[in-house]
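Below is one structure, written out as structure tokens; the observations come after it.
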Amino acid sequence: MIFYLIFLTIIIITIKHIYEIHNINTNAVLEQLQRANSEEIFEHLKERKPLLIHNLANKNKEYNNLSFEKLSLDNPGLIIHDNNRYISLKSFVDEKQIYIHKNQELCESLKLKELFNTIYHPFESQIHIYKRYLLSLYKGLNTIELTKNKHNLCLINQIYGKTKLYLLNPKHKNDIYDVENNKIKSNDSIKKYCQKINLTQGLVLYIPIEWYYFYECEEESIIGEILCDNYFTLIYNNLR
């Protein structure tokens, strides 16, 4: 009987969390915070609004002067395994256009875990599970395709350089779909529905679950991404 009650309680809580995923705030617009206070952040998260946070990623001064040149000097001869490719870190100094997109091993390889931990800390929750630290390196013109955030926590950190990020409220999901051709419209055609955010070094962006985003890099850019699910949404988020 006790086992049955526990199981029923877990099912009810799981349904509640999944329901909340789709309970979007159609009127939400970007909010900006000048400091990373956990209590203030969680109050904003309840409103399901995107947040742009200042004075968080630049707390660790040792990471404020990162560049491709510095990373290459600090990690001589490093070869990166990325999607069946092997890329020399020095290629980001020598080549005009090259990229590594959302690599899960690179954070450890480049000794950036402490920076990611600092960014994650104000958002930390006891029910978070399956935390991932992803790192992307871009040089030259690179456009990232439209992505839907399917995770309870999604943080974008501009570690180096600058990026144009376009954020889309899920209330526009029908506007981005080309019914005639049965596919998602091009990035340029959906920009009119997006909020443009100029990410510069040190800024951290929280993207609510179910929101869409894509970004464009024209020069040099290093972007960190932190993703988390929770105990009640892990299976649902990773199967849908």
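Residues are referred to by chain and number: the chain letter is A, B, ... according to the order shown in the structure tokens, the number counts from 1 in that chain, and ligands are numbered separately from 1 in the order shown.
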Would you please extract all alpha helix (DSSP H) residues from stretch 15-131 of chain A, as assigned by DSSP on the backbone, and give them as an NGL selection string? :A and (15-21 or 38-46 or 68-74 or 91-94 or 106-109 or 113-120)
I need the residues from that last selection saved to file as a PDB file, in the first residue's frame (with C-alpha atoms), if you can.
```
ATOM      1  CA  ILE A  15       2.585  14.996 -14.654  1.00  0.00           C
ATOM      2  CA  LYS A  16       2.690  18.371 -12.892  1.00  0.00           C
ATOM      3  CA  HIS A  17       6.255  19.057 -14.070  1.00  0.00           C
ATOM      4  CA  ILE A  18       5.458  18.021 -17.642  1.00  0.00           C
ATOM      5  CA  TYR A  19       2.358  20.238 -17.622  1.00  0.00           C
ATOM      6  CA  GLU A  20       4.444  23.190 -16.442  1.00  0.00           C
ATOM      7  CA  ILE A  21       6.835  22.688 -19.371  1.00  0.00           C
ATOM      8  CA  SER A  38      19.819  33.075  -6.634  1.00  0.00           C
ATOM      9  CA  GLU A  39      16.598  34.224  -4.940  1.00  0.00           C
ATOM     10  CA  GLU A  40      16.030  36.941  -7.530  1.00  0.00           C
ATOM     11  CA  ILE A  41      16.819  34.538 -10.377  1.00  0.00           C
ATOM     12  CA  PHE A  42      14.364  31.887  -9.183  1.00  0.00           C
ATOM     13  CA  GLU A  43      11.606  34.492  -8.848  1.00  0.00           C
ATOM     14  CA  HIS A  44      12.132  35.376 -12.512  1.00  0.00           C
ATOM     15  CA  LEU A  45      12.256  31.705 -13.512  1.00  0.00           C
ATOM     16  CA  LYS A  46       8.762  31.241 -12.085  1.00  0.00           C
ATOM     17  CA  PHE A  68      42.060  31.294 -29.510  1.00  0.00           C
ATOM     18  CA  GLU A  69      45.704  32.348 -29.307  1.00  0.00           C
ATOM     19  CA  LYS A  70      45.800  31.981 -25.511  1.00  0.00           C
ATOM     20  CA  LEU A  71      44.003  28.622 -25.537  1.00  0.00           C
ATOM     21  CA  SER A  72      46.404  27.334 -28.189  1.00  0.00           C
ATOM     22  CA  LEU A  73      49.435  28.479 -26.193  1.00  0.00           C
ATOM     23  CA  ASP A  74      48.063  26.983 -22.963  1.00  0.00           C
ATOM     24  CA  SER A  91      43.589  25.567 -36.500  1.00  0.00           C
ATOM     25  CA  PHE A  92      41.486  28.276 -34.829  1.00  0.00           C
ATOM     26  CA  VAL A  93      44.531  30.531 -34.979  1.00  0.00           C
ATOM     27  CA  ASP A  94      45.614  29.636 -38.496  1.00  0.00           C
ATOM     28  CA  LEU A 106      36.075  20.248 -24.692  1.00  0.00           C
ATOM     29  CA  CYS A 107      35.216  21.955 -21.389  1.00  0.00           C
ATOM     30  CA  GLU A 108      37.383  19.463 -19.493  1.00  0.00           C
ATOM     31  CA  SER A 109      40.131  19.496 -22.137  1.00  0.00           C
ATOM     32  CA  LYS A 113      34.993  23.538 -15.731  1.00  0.00           C
ATOM     33  CA  GLU A 114      35.449  26.061 -12.907  1.00  0.00           C
ATOM     34  CA  LEU A 115      34.021  28.811 -15.126  1.00  0.00           C
ATOM     35  CA  PHE A 116      30.992  26.664 -15.984  1.00  0.00           C
ATOM     36  CA  ASN A 117      30.494  25.791 -12.302  1.00  0.00           C
ATOM     37  CA  THR A 118      30.476  29.492 -11.408  1.00  0.00           C
ATOM     38  CA  ILE A 119      27.783  30.180 -14.010  1.00  0.00           C
ATOM     39  CA  TYR A 120      25.660  27.209 -12.978  1.00  0.00           C
TER      40      TYR A 120
END
```
Which residues are near A:Asn198? Cut-off 12 Å, only C-alpha atoms, ignore same chain within fewer than 6 positions. Put them as a list in words.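 Returned residues: Leu52, Asn157, Gln158, Gly161, Lys162, Thr163, Lys164, Leu165, Tyr166, Leu167, Val204, Leu205, Tyr215, Glu216 and Cys217 of chain A.
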Interatomic distance (Å, one decimal) between atom CA of A:Tyr206 and atom CA of A:Asn83: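 So the answer is 26.4 Å.
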A:Asn174, A:Leu112, A:Leu234, A:Leu30 ranked by distance to A:Gln195, top pick (using only C-alpha atoms): A:Leu30
Would you kindly return, as a PDB file with N, CA, C and O atoms, in the first residue's frame, each protein, DNA or RNA residue with an atom no farther than 10 Å from any atom of A:Phe232, considering only C-alpha atoms and excluding same-chain residues fewer than 4 positions away?
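And here's part_15.pdb as it stands now:
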```pdb
ATOM      1  N   ILE A  10       4.694  10.031  -7.157  1.00  0.00           N
ATOM      2  CA  ILE A  10       5.713  10.322  -8.173  1.00  0.00           C
ATOM      3  C   ILE A  10       5.063  10.588  -9.529  1.00  0.00           C
ATOM      4  O   ILE A  10       5.453  11.515 -10.245  1.00  0.00           O
ATOM      5  N   ILE A  11       4.056   9.792  -9.860  1.00  0.00           N
ATOM      6  CA  ILE A  11       3.342   9.985 -11.136  1.00  0.00           C
ATOM      7  C   ILE A  11       2.666  11.352 -11.172  1.00  0.00           C
ATOM      8  O   ILE A  11       2.743  12.079 -12.179  1.00  0.00           O
ATOM      9  N   ILE A  12       2.033  11.728 -10.087  1.00  0.00           N
ATOM     10  CA  ILE A  12       1.336  13.018 -10.030  1.00  0.00           C
ATOM     11  C   ILE A  12       2.316  14.179 -10.164  1.00  0.00           C
ATOM     12  O   ILE A  12       2.090  15.132 -10.920  1.00  0.00           O
ATOM     13  N   ILE A  13       3.446  14.078  -9.445  1.00  0.00           N
ATOM     14  CA  ILE A  13       4.455  15.141  -9.518  1.00  0.00           C
ATOM     15  C   ILE A  13       5.053  15.216 -10.924  1.00  0.00           C
ATOM     16  O   ILE A  13       5.279  16.311 -11.455  1.00  0.00           O
ATOM     17  N   THR A  14       5.275  14.054 -11.527  1.00  0.00           N
ATOM     18  CA  THR A  14       5.820  14.028 -12.897  1.00  0.00           C
ATOM     19  C   THR A  14       4.871  14.697 -13.875  1.00  0.00           C
ATOM     20  O   THR A  14       5.290  15.510 -14.715  1.00  0.00           O
ATOM     21  N   ILE A  15       3.591  14.379 -13.776  1.00  0.00           N
ATOM     22  CA  ILE A  15       2.585  14.996 -14.654  1.00  0.00           C
ATOM     23  C   ILE A  15       2.564  16.505 -14.448  1.00  0.00           C
ATOM     24  O   ILE A  15       2.456  17.281 -15.415  1.00  0.00           O
ATOM     25  N   LYS A  16       2.677  16.939 -13.198  1.00  0.00           N
ATOM     26  CA  LYS A  16       2.690  18.371 -12.892  1.00  0.00           C
ATOM     27  C   LYS A  16       3.877  19.055 -13.558  1.00  0.00           C
ATOM     28  O   LYS A  16       3.726  20.130 -14.164  1.00  0.00           O
ATOM     29  N   HIS A  17       5.061  18.457 -13.470  1.00  0.00           N
ATOM     30  CA  HIS A  17       6.255  19.057 -14.070  1.00  0.00           C
ATOM     31  C   HIS A  17       6.152  19.093 -15.596  1.00  0.00           C
ATOM     32  O   HIS A  17       6.578  20.069 -16.220  1.00  0.00           O
ATOM     33  N   ILE A  18       5.607  18.044 -16.185  1.00  0.00           N
ATOM     34  CA  ILE A  18       5.458  18.021 -17.642  1.00  0.00           C
ATOM     35  C   ILE A  18       4.423  19.061 -18.084  1.00  0.00           C
ATOM     36  O   ILE A  18       4.609  19.746 -19.105  1.00  0.00           O
ATOM     37  N   ILE A 127      16.853  19.171  -7.562  1.00  0.00           N
ATOM     38  CA  ILE A 127      16.198  18.180  -8.424  1.00  0.00           C
ATOM     39  C   ILE A 127      16.809  18.132  -9.821  1.00  0.00           C
ATOM     40  O   ILE A 127      16.351  17.385 -10.670  1.00  0.00           O
ATOM     41  N   HIS A 128      17.854  18.923 -10.057  1.00  0.00           N
ATOM     42  CA  HIS A 128      18.524  18.867 -11.357  1.00  0.00           C
ATOM     43  C   HIS A 128      19.254  17.539 -11.525  1.00  0.00           C
ATOM     44  O   HIS A 128      19.824  16.995 -10.577  1.00  0.00           O
ATOM     45  N   ILE A 129      19.251  17.056 -12.750  1.00  0.00           N
ATOM     46  CA  ILE A 129      19.941  15.820 -13.084  1.00  0.00           C
ATOM     47  C   ILE A 129      20.398  15.899 -14.535  1.00  0.00           C
ATOM     48  O   ILE A 129      19.862  16.674 -15.341  1.00  0.00           O
ATOM     49  N   TYR A 236      11.055  12.319 -20.293  1.00  0.00           N
ATOM     50  CA  TYR A 236      10.180  13.025 -21.242  1.00  0.00           C
ATOM     51  C   TYR A 236      10.989  13.960 -22.144  1.00  0.00           C
ATOM     52  O   TYR A 236      10.833  13.955 -23.365  1.00  0.00           O
ATOM     53  N   ASN A 237      11.884  14.753 -21.553  1.00  0.00           N
ATOM     54  CA  ASN A 237      12.653  15.726 -22.332  1.00  0.00           C
ATOM     55  C   ASN A 237      13.560  15.070 -23.362  1.00  0.00           C
ATOM     56  O   ASN A 237      13.793  15.633 -24.435  1.00  0.00           O
TER      57      ASN A 237
END
```
Can you build me a table of stretch 125-228 of chain A residues sitting at most 12 Å from stretch 77-80 of chain A, with the closest atom pair per residue and its distance in Å to one decimal, using only C-alpha atoms, sorted by chain and residue number, as a Markdown table?
```
| residue | atom | partner | partner_atom | distance |
| --- | --- | --- | --- | --- |
| A:Leu135 | CA | A:Ile80 | CA | 11.7 |
| A:Ser136 | CA | A:Ile80 | CA | 11.8 |
| A:Leu137 | CA | A:Ile80 | CA | 11.2 |
```
Write a file of the just-selected residues containing all heavy atoms, as a PDB file, in the first residue's frame.
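New file result_0.pdb:
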```
ATOM      1  N   LEU A 135      30.707  23.119 -25.196  1.00  0.00           N
ATOM      2  CA  LEU A 135      31.543  24.237 -25.627  1.00  0.00           C
ATOM      3  C   LEU A 135      31.581  24.281 -27.147  1.00  0.00           C
ATOM      4  O   LEU A 135      31.748  23.259 -27.810  1.00  0.00           O
ATOM      5  CB  LEU A 135      32.959  24.080 -25.076  1.00  0.00           C
ATOM      6  CG  LEU A 135      33.853  25.321 -25.141  1.00  0.00           C
ATOM      7  CD1 LEU A 135      33.290  26.442 -24.273  1.00  0.00           C
ATOM      8  CD2 LEU A 135      35.273  24.987 -24.687  1.00  0.00           C
ATOM      9  N   SER A 136      31.418  25.487 -27.689  1.00  0.00           N
ATOM     10  CA  SER A 136      31.457  25.695 -29.142  1.00  0.00           C
ATOM     11  C   SER A 136      32.526  26.727 -29.480  1.00  0.00           C
ATOM     12  O   SER A 136      32.642  27.755 -28.803  1.00  0.00           O
ATOM     13  CB  SER A 136      30.102  26.186 -29.659  1.00  0.00           C
ATOM     14  OG  SER A 136      29.082  25.251 -29.402  1.00  0.00           O
ATOM     15  N   LEU A 137      33.289  26.454 -30.527  1.00  0.00           N
ATOM     16  CA  LEU A 137      34.295  27.386 -31.034  1.00  0.00           C
ATOM     17  C   LEU A 137      33.940  27.728 -32.476  1.00  0.00           C
ATOM     18  O   LEU A 137      33.711  26.831 -33.282  1.00  0.00           O
ATOM     19  CB  LEU A 137      35.702  26.764 -30.993  1.00  0.00           C
ATOM     20  CG  LEU A 137      36.159  26.073 -29.708  1.00  0.00           C
ATOM     21  CD1 LEU A 137      37.585  25.529 -29.896  1.00  0.00           C
ATOM     22  CD2 LEU A 137      36.106  27.007 -28.522  1.00  0.00           C
TER      23      LEU A 137
END
```
Which is closest to A:Ser67 among A:Lys148, A:Lys90, A:Lys173, A:His101, if we use only C-alpha atoms? A:Lys90
Select, from A:Leu168, A:Leu110, A:Ile144, A:Ile159, the residue with the minimum atom-to-atom distance to A:Asn27, counting only C-alpha atoms.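 Using only C-alpha atoms, the shortest distance to A:Asn27 belongs to A:Leu168.
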Taking the DSSP assignment computed from this structure's backbone, write out as number ranges by chain all residues of stretch 107-177 of chain A that belong to strand (DSSP E). A: 128-139, 142-143, 147-148, 153-168, 177
